[in-house]
Structures are given as structure tokens and as C-alpha cells.
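Peer 1: Below is the structure I would like to discuss, written out as C-alpha cells.
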Amino acid sequence: MAGHNKWSKVKHRKAVVDKRRSKVWSKVSRAIIVAARHGGPDPSFNLSLRYAIDEARYANMPRDVIDRAVKKGAGGEDTSQYEVVRYEGYAPGGVAVIVDALTDNRTRTAGDVRNAFSGVSGNLGTSGCVSYLFSQRGRIVIAREGVDGAKLFELAVEAGADDVIEPAGDEEPWTVLTEVPKFQVVKDALEGAKLTIEEAALAMIPADRVRVPAESAEAVAELIDELDELDDVQKVWTNAEFPDEPG
């Protein structure tokens with residue numbers, strides 16, 4: 001039975017990973033479709049599309065799936081009228097949360113987001129209530145293995161990066177932050193150096209982090225997970241800093 005139990009756990013983990021990957025691909029595909037519809041199919045002249053395609057590549061989306069999403073958007077095959085919507089609010093413990101969505105039904109999405117906040121005794125606020133605590137910057141996440149920190153710092157700064165954040169733990173990656181106009185240049189330089197980029201996108205970076213009280217950690221994590229699971233939600237940003245031992 002021990003072997004059977006181990007296989008069950010492996011299958012469960014694989015199912016979770018597959019589900020998460022499917023969710024990410026679905027969201028990135030929607031972003032590609034919208035970008036191609038509004039700015040055309042050529043990423044050389046459509047920056048939003050270039051960013052969306054890059055995000056798809058880092059999520060290991062097959063090239064043919066990416067191409068189909070571009071054609072679907074540029075060719076008008078998808079008639080859904082998606083629009084960009086941002087929601088802002090507070091999670092338990094005073095944690096600020098920004099939710100970016102692409103939706104074809106504001107009423108549905110607003111209700112889902114509101115329910116997620118209220119389910120953990122959080123508060124969905126008005127536009128601008130927490131966004132002033134963040135700034136938009138380029139964020140490039142680099143796999144830790146085989147990286148020389150000094151060389152990475154030199155390369156990133158020479159390319160125009162603002163900051164290089166060292167991994168906090170043994171399994172944590174490196175993070176490079178840039179101003180928005182420098183994002184593509186820095187990313188290209190890091191890719192040219194054959195570094196393994198795990199993520200690269202424009203992100204809402206908090207000016208300061210809020211240490212989550214231990215008694216609120218589980219509720220904050222639950223809110224982030226629930227928001228991230230919503231089909232219409234593209235990104236969830238917070239200024240949360242979790243304790244080492246939640247709960």
C-alpha cells in the first residue's frame with residue numbers, strides 16, 4: 001500500500017501543477033488576444049503584445065498555442081469585449097491588495113472579487129485607495145542556480161536596472177527591478193547573457209512591505225489564492241510580508 005499511496009500523492013501533485021499551468025495559460029491567452037485585437041499582430045510594433053507573448057514563453061506555453069491566440073485576436077475570431085478593470089482593497093492585518101482583471105462582464109467580476117474579500121473579513125475599497133502605495137516597475141525573476149551575484153549585478157546595472165535583490169532563502173530566485181522604459185533593454189541583456197529567466201513583466205511593486213500578523217497570515221494567503229483562481233483576474237499584487245511560520 002505504501003507504493004500505491006506514494007503514487008497517489010505524485011498524481012495529486014501533478015494534477016495540481018497541470019491545473020495551475022492550464023489556469024496561467026488561459027489568462028495569458030486572454031491577454032494576448034486583447035493585445036493583438038487592439039494593437040495588431042506584430043509584437044515589434046505592439047508593446048503590450050510583446051509583453052504578453054514573453055510572459056507566455058516564460059510560462060512554457062507552446063509556440064503554436066501563442067500563435068493561435070495572436071491570430072484569434074487580430075483576426076476578430078474572438079468577439080468577447082474584454083476590458084481592463086482594477087480593484088483595490090485591504091486584506092486582514094492592513095495588507096494592501098490590487099487586483100487587475102480582464103473581463104467581459106464587470107458585474108460578474110466585481111461580485112466575485114467582492115465575495116473573495118468579504119469571505120476573509122477584508123474590505124474592497126474605491127479606486128486609488130491603495131495604489132498610491134505601489135509603483136509600476138519592470139520585474140525580472142532569474143533562476144538562482146549557477147548565477148554569480150557580482151556578475152549579475154554588474155550586467156543588470158550596466159543595462160539600466162535600478163536594483164538587484166538577492167535570494168532570501170536557498171530556493172529563492174534573484175529579482176531585478178527596472179524603471180518601465182528600461183525594462184525591455186535590461187531583459188534583453190539578461191537573456192543575451194544566457195541567464196534563465198523564470199518571469200519577466202511589468203509589476204506593481206510596493207514602496208514598503210507590511211508584516212502580516214501571524215493570526216492573519218492564513219486569511220491573507222487564502223484571499224490571494226482565491227483571487228488568483230478567478231478566471232477574470234490577471235494579476236494580484238500585495239504589500240504582504242508573511243511570517244516564517246504562518247498561523
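Residues are referred to by chain and number: the chain letter is A, B, ... according to the order shown in the C-alpha cells, the number counts from 1 in that chain, and ligands are numbered separately from 1 in the order shown.
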Determine which residues of chain A DSSP labels as strand (DSSP E) from the backbone of this structure, then write them out as a ChimeraX atom specification.
Peer 2: /A:83-91,95-103,123-124,134-142,163-165,174-178,197-206,210-211,233-238,240-241
Peer 1: What residues in stretch 20-153 of chain A get the DSSP label alpha helix (DSSP H)? Please answer as a PyMOL selection string.
Peer 2: chain A and resi 20-39+47-58+63-74+106-119+149-153
Peer 1: Quick one: everything within 12 Å of stretch 155-160 of chain A, counting only C-alpha atoms, minus sequence neighbours fewer than 6 positions away in the same chain. Send it as a VMD selection string.
Peer 2: chain A and resid 138 to 140 142 147 to 149 174 to 195
Peer 1: Write a file of the just-selected residues containing C-alpha atoms, as a compact mmCIF listing (two decimals), in the first residue's frame.
Peer 2:
# COMPACT_ATOMS: atom_id res chain seq x y z
CA GLY A 138 9.77 46.08 -14.55
CA ARG A 139 10.44 42.89 -12.59
CA ILE A 140 12.66 40.12 -13.92
CA ILE A 142 16.06 34.80 -12.55
CA VAL A 147 24.27 32.67 -11.00
CA ASP A 148 27.27 34.74 -9.96
CA GLY A 149 25.73 37.59 -7.95
CA TRP A 174 17.17 36.54 -7.97
CA THR A 175 14.99 39.56 -8.79
CA VAL A 176 15.96 42.51 -10.96
CA LEU A 177 13.89 45.70 -10.86
CA THR A 178 13.84 48.40 -13.52
CA GLU A 179 12.02 51.57 -14.44
CA VAL A 180 9.35 50.84 -17.07
CA PRO A 181 11.26 52.42 -20.05
CA LYS A 182 14.34 50.32 -19.23
CA PHE A 183 12.50 47.01 -18.77
CA GLN A 184 12.88 45.59 -22.28
CA VAL A 185 16.54 46.67 -22.60
CA VAL A 186 17.50 45.06 -19.30
CA LYS A 187 15.54 41.89 -20.04
CA ASP A 188 17.21 41.55 -23.45
CA ALA A 189 20.64 41.97 -21.84
CA LEU A 190 19.94 39.27 -19.25
CA GLU A 191 18.58 36.89 -21.89
CA GLY A 192 21.63 37.62 -24.05
CA ALA A 193 23.82 36.53 -21.14
CA LYS A 194 22.02 33.14 -21.20
CA LEU A 195 20.54 33.58 -17.75
Peer 1: Taking only C-alpha atoms into account, name the residue in A:Gly146, A:Gly111, A:Pro206, A:Pro173 that is nearest to A:Thr238.
Peer 2: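 Among the listed residues, A:Pro206 lies closest to A:Thr238.
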Peer 1: If we count only C-alpha atoms and set the cut-off at 12 Å, which residues sit around A:Val34, ignoring sequence neighbours fewer than 4 positions away in its own chain? Please answer as a ChimeraX atom specification.
Peer 2: /A:27-30,38-41,46,48-49,52-53,69-84,102-104
Peer 1: Residues as selected, C-alpha atoms, written as a PDB file, in the first residue's frame, can you do that?
Peer 2:
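Contents of selection-v9.pdb, freshly written:
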ATOM      1  CA  LYS A  27      -5.073  34.013 -18.564  1.00  0.00           C
ATOM      2  CA  VAL A  28      -2.052  34.727 -20.747  1.00  0.00           C
ATOM      3  CA  SER A  29      -4.002  33.702 -23.855  1.00  0.00           C
ATOM      4  CA  ARG A  30      -6.684  36.222 -22.970  1.00  0.00           C
ATOM      5  CA  HIS A  38      -6.167  46.485 -30.078  1.00  0.00           C
ATOM      6  CA  GLY A  39      -2.613  46.847 -31.351  1.00  0.00           C
ATOM      7  CA  GLY A  40      -2.200  44.395 -34.223  1.00  0.00           C
ATOM      8  CA  PRO A  41      -0.420  41.039 -34.550  1.00  0.00           C
ATOM      9  CA  ASN A  46       2.751  46.319 -30.294  1.00  0.00           C
ATOM     10  CA  SER A  48       1.561  45.112 -24.964  1.00  0.00           C
ATOM     11  CA  LEU A  49       1.558  42.072 -27.242  1.00  0.00           C
ATOM     12  CA  ALA A  52       2.114  39.148 -23.209  1.00  0.00           C
ATOM     13  CA  ILE A  53       3.988  36.817 -25.563  1.00  0.00           C
ATOM     14  CA  ALA A  69      -4.085  33.349 -29.645  1.00  0.00           C
ATOM     15  CA  VAL A  70      -2.473  36.137 -31.721  1.00  0.00           C
ATOM     16  CA  LYS A  71      -4.465  35.153 -34.814  1.00  0.00           C
ATOM     17  CA  LYS A  72      -7.645  34.867 -32.784  1.00  0.00           C
ATOM     18  CA  GLY A  73      -7.256  38.411 -31.507  1.00  0.00           C
ATOM     19  CA  ALA A  74      -6.006  40.066 -34.699  1.00  0.00           C
ATOM     20  CA  GLY A  75      -8.454  38.203 -36.923  1.00  0.00           C
ATOM     21  CA  GLY A  76     -11.508  39.025 -34.854  1.00  0.00           C
ATOM     22  CA  GLU A  77     -12.394  35.402 -34.187  1.00  0.00           C
ATOM     23  CA  ASP A  78     -12.959  36.170 -30.516  1.00  0.00           C
ATOM     24  CA  THR A  79     -15.890  38.579 -30.278  1.00  0.00           C
ATOM     25  CA  SER A  80     -15.803  38.974 -26.481  1.00  0.00           C
ATOM     26  CA  GLN A  81     -15.498  42.595 -25.446  1.00  0.00           C
ATOM     27  CA  TYR A  82     -12.840  42.398 -22.751  1.00  0.00           C
ATOM     28  CA  GLU A  83     -11.900  45.477 -20.775  1.00  0.00           C
ATOM     29  CA  VAL A  84      -9.203  46.196 -18.221  1.00  0.00           C
ATOM     30  CA  LEU A 102      -9.648  41.411 -17.979  1.00  0.00           C
ATOM     31  CA  THR A 103     -13.392  40.940 -18.087  1.00  0.00           C
ATOM     32  CA  ASP A 104     -16.324  40.908 -20.454  1.00  0.00           C
TER      33      ASP A 104
END
Peer 1: Here is a test: counting only C-alpha atoms, which residue of A:Glu145, A:Glu55, A:Glu88, A:Asp208 is nearest to A:Thr196?
Peer 2: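 Closest to A:Thr196 of all the choices is A:Glu145.
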